[in-house]
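A.B. asks: My questions all concern the structure below.
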Amino acid sequence: MALFDRLKEGLSRSRATMNEIFYMGGQVDDAFWEDLEDTLVMADMGAEVAFSVTDDLREQAARENLTRADQIRDALATRIAGEFTPRKWDPFDYLPSCVLFVGINGAGKTTTVGKLAKVAHDQGTKCLIGGADTFRAAAIEQLEIWAQRSGIPMVTRKRGSDPASVCFEVLEQAENTGAQLVLIDTAGRLHTSADLMSELGKVVRVTRKRANMPVKVILVVDATTGQNGLSQAKEFNDALDLDGLIITKLDGTAKGGIAVAISHELKLPILRIGVGEAIEDLQRFNANDFARALVGAGEGN
Amino acid sequence: MAVFSSLSDRLQDTFDKLRGKGRLTEDDINVAMREIRLALLEADVNFRVVRAFVSRCREQCLEAEVLSSLNPTQNVVRIVLDELVKLLGSTDAELQLPATRKPNVIMLVGLQGSGKTTAAAKLAYLLKGQGKKVLLAACDVHRPAAADQLQTLGDEIGVGVWRGDGKDAVTIATDAVTRVAAEQNIDVVIVDTAGRLQIDEQMMQEAVDIRDAVRPDQILMVVDAMTGQDIVNVVNEFNSRMDFDGVIMSKLDGDARGGGALSVREVTGKPIMFVSQGEKPDSLEVFHPDRMARRILGMGDVIGIIEEAEKLSDEKSIADAERMLMEGFTMDDMLSQLQQVRKMGGMRKLAGMIPGVDRALSQSGANVGDEQIVPIEAMIHSMTKEERAKPRIINGQRRKRIAQGSGHTVQEVNVLIKQWEQMDKMMGSLRSMAVGGNQRQMGRAMGNMMRNMGMDPLEAEKLARMGGTGGAAANRQQRRNNSRPKKKGKQKKRRR
């Protein structure tokens, strides 16, 4: 289980705190529940989710007579895994497809596009990259370097041009060249900026209208984001009707608890998670693995 | 306004509940403290910081003289405010750039995507505005095209960028500080570095190497306002490796509650020096802990408003203001005022700075968006020069033309003209306002302004009330003003 190990490594720090509370005496008492609550809050799961998970678990423990901390740990992992919305499809497998990447500034959209394109290209899929981030300085250059590295064609225009028209052109070229997977990078924007959000709405509308392949809109979220992640996801979902999530930068000490909250709240599947800088570190998401890695269940000791 | 708004909402609710009581019991305090704890947690304030903060507040609140004092709630508010200020840092922190060294060196560090490159350009712009000659050193050799980004931003604000060979970060930094700075007579070199994770040993070492090579006067850490609980680990690690001097909080223009901002100071003892909010190069502001604390508690940032206004008021606007007072108020004045408001960051930002207004708006669900400015602009643009200078000549015929020209209805034009009449009146009453704005007058002026922006009278009334006791009087005054022009209109019609 190389992937699971990698993920576990990424989440190792958060697990360390979990381990601490689960091994302390191993007795389930009030202090234990309080500690558990705190730990979940610390994992960015949000006070509300943390409290409700703890309360449920507490009831379950009483009902099923779970008295040892390690029993609770398994129950907790199952409970957290159940919070995620399951993935029914994967736009990077069901081809042809066109995927738009959206998110706030610095979430890791451009890097994610670069990595995903490389993976698909190496598997023999005919890819096309669209650089619709015509706002940020050097965003196009950044993506171009990714495209050149893996030898994937890219369509873009100069900085400051209309991103919707870039998308139009990208799709046109995809049809002409028979590209199977079209990945389009958009400019990062704060969800509170009404003008920029409606600009993005136009980009998505144009793309959906023009494309003769399924178009999916994916929100890229930085795992270090706190409770604001939920409000970001809500705004983007309201404006664009999102199809899925990608969580990046899970390789720090970030717990990525916000992923639980967003996936649950908005009923959106998580398609990929980034657990490291390397290209293979952008993995498929498995709710059980993630939850178990987060709480350190099933570790044999 | 968005900054900290949810946090301040929750705290306000808590205080409102307390305000209804003449005496507070220990239970009241406990309930309030629980609310505060939840509010802070939801704002991403670090868990340990919250614990310490709440227990400090509770301890002070439970002191006998607080509970039995004449106005216990006021005292609780004061205690929480004081603690918040302490948490955010009691004094404004300033950049320390010793005059004995040339060039001064500022180094920026932080996680990936926290906004270092943008912050570097904004900081350069700020220093340039202070008359310094600035050089940006592009030491992010890891992210593709990072140097291009800095170059583009540098070109936009007219600041030089040193890219070196684009390979070795230490060499680029050293060259910039020693050789290039001397050649170009540079005062300050800003070193932009690659984003790195605090647990990435190799990258952290690179940052240390750059630091040792250029010995920066100030190392600033750029922190994303939206970061969650993990911020504590991040800043701790960076602090122990880099020993940075201060923090730039980025992306504060979103609706992030900025709990990270509250935590950093407490965890590291390092001050927040700047906040960065917006896409434009001039959106880097000095961080004032006391004002931010007042804003979190919904107590407003009156000084902030005055400064905003001062930043924009050039000599021309002062001359304009005098002319308006002396010669009356034209449509052009109205337009330029609206545009001024927009320049200051729009109604929302302004409203967030005024005590109470923020809250009144959210309670009434009013939407004072900039979108209300747009139709007014369109209508004024459809007027002739003469009409703008002397709006009283706008008769029925002209109104119809203006409506058609701007794509609005005659009714809307009527409303606009009525608004102008009110503002014209207000300018008259301003003349009598001899010595400058106390809060009462502020609230009144603001209430009038809101109304002129197209808010319905009920909300304007609420706003006026928020401005203090004088607000109600202003409001009555306003209602009188409202009815007058109507009568006039009728009289005119009859005459015709």
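Note on naming: chains are A, B, ... as they come in the structure tokens, residues start from 1 per chain, ligands start from 1 in the order shown.
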Would you give me, as a ChimeraX atom specification, the residues of chain A that come within 7 Å of chain B, using only C-alpha atoms?
C.D. replies: /A:42-44,46-47,106-107,137-138,141-142,145,190-192,224-228,252-254
A.B. asks: Could you give me the residues within segment 104-313 of chain B that DSSP places in strand (DSSP E), as a PDB file with C-alpha atoms, in the first residue's frame?
C.D. replies:
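Contents of part_11.pdb, freshly written:
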```pdb
ATOM      1  CA  ASN B 104      18.719  48.346   3.776  1.00  0.00           C
ATOM      2  CA  VAL B 105      17.643  44.796   3.129  1.00  0.00           C
ATOM      3  CA  ILE B 106      14.182  43.334   3.686  1.00  0.00           C
ATOM      4  CA  MET B 107      13.675  39.627   3.174  1.00  0.00           C
ATOM      5  CA  LEU B 108      10.299  37.961   2.680  1.00  0.00           C
ATOM      6  CA  VAL B 109       9.601  34.359   3.589  1.00  0.00           C
ATOM      7  CA  GLY B 110       6.519  32.177   3.816  1.00  0.00           C
ATOM      8  CA  VAL B 134      13.913  50.269  -4.168  1.00  0.00           C
ATOM      9  CA  LEU B 135      15.245  47.139  -5.861  1.00  0.00           C
ATOM     10  CA  LEU B 136      13.418  43.823  -5.944  1.00  0.00           C
ATOM     11  CA  ALA B 137      15.588  40.709  -5.916  1.00  0.00           C
ATOM     12  CA  ALA B 138      13.912  37.671  -7.466  1.00  0.00           C
ATOM     13  CA  CYS B 139      15.276  34.804  -5.417  1.00  0.00           C
ATOM     14  CA  GLY B 160      13.794  47.684 -10.764  1.00  0.00           C
ATOM     15  CA  VAL B 161      14.039  43.904 -10.525  1.00  0.00           C
ATOM     16  CA  TRP B 162      17.292  41.971 -10.246  1.00  0.00           C
ATOM     17  CA  VAL B 188      16.230  49.338   0.008  1.00  0.00           C
ATOM     18  CA  VAL B 189      16.569  45.866  -1.473  1.00  0.00           C
ATOM     19  CA  ILE B 190      13.554  43.599  -1.062  1.00  0.00           C
ATOM     20  CA  VAL B 191      14.460  39.946  -1.351  1.00  0.00           C
ATOM     21  CA  ASP B 192      11.575  37.766  -2.542  1.00  0.00           C
ATOM     22  CA  THR B 193      12.204  34.109  -1.761  1.00  0.00           C
ATOM     23  CA  GLN B 218      14.117  43.003   8.557  1.00  0.00           C
ATOM     24  CA  ILE B 219      12.784  39.552   7.813  1.00  0.00           C
ATOM     25  CA  LEU B 220       9.051  39.575   7.243  1.00  0.00           C
ATOM     26  CA  MET B 221       6.937  36.488   7.138  1.00  0.00           C
ATOM     27  CA  VAL B 222       3.953  36.561   4.800  1.00  0.00           C
ATOM     28  CA  VAL B 223       0.961  34.730   6.239  1.00  0.00           C
ATOM     29  CA  ASP B 224      -2.291  34.014   4.446  1.00  0.00           C
ATOM     30  CA  GLY B 246       7.296  40.803  11.743  1.00  0.00           C
ATOM     31  CA  VAL B 247       4.371  39.543   9.759  1.00  0.00           C
ATOM     32  CA  ILE B 248       2.525  40.661   6.657  1.00  0.00           C
ATOM     33  CA  MET B 249      -1.032  39.327   6.647  1.00  0.00           C
ATOM     34  CA  SER B 250      -2.151  38.726   3.092  1.00  0.00           C
ATOM     35  CA  ILE B 272       1.906  42.053  12.545  1.00  0.00           C
ATOM     36  CA  MET B 273       3.336  44.974  10.608  1.00  0.00           C
ATOM     37  CA  PHE B 274       1.242  45.169   7.481  1.00  0.00           C
ATOM     38  CA  VAL B 275      -2.022  43.894   6.149  1.00  0.00           C
ATOM     39  CA  SER B 276      -2.466  43.340   2.478  1.00  0.00           C
ATOM     40  CA  LEU B 284      -0.718  47.331   1.687  1.00  0.00           C
ATOM     41  CA  GLU B 285      -1.606  49.046   4.939  1.00  0.00           C
ATOM     42  CA  VAL B 286       0.150  49.480   8.231  1.00  0.00           C
TER      43      VAL B 286
END
```
A.B. asks: Enumerate the residues of segment 110-313 of chain B with a DSSP assignment of alpha helix (DSSP H), computed from the backbone, and present them as a ChimeraX atom specification.
C.D. replies: /B:116-129,146-157,169-175,181-183,201-214,231-242,259-268,289-296,302-312
A.B. asks: Suppose you want the space between atom CA of Val295 of chain A and atom CA of Ala278 of chain A; what is it in Å?
C.D. replies: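 Between these atoms lies a distance of 24.6 Å.
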A.B. asks: Between atom CA of Leu128 of chain A and atom CA of Ser165 of chain A, what is the spacing in Å?
C.D. replies: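 A separation of 15.9 Å between them.
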A.B. asks: Any idea what the distance is between atom CA of Asn237 of chain A and atom CA of Met197 of chain A?
C.D. replies: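 Taking atom CA of Asn237 of chain A and atom CA of Met197 of chain A, their separation equals 10.8 Å.
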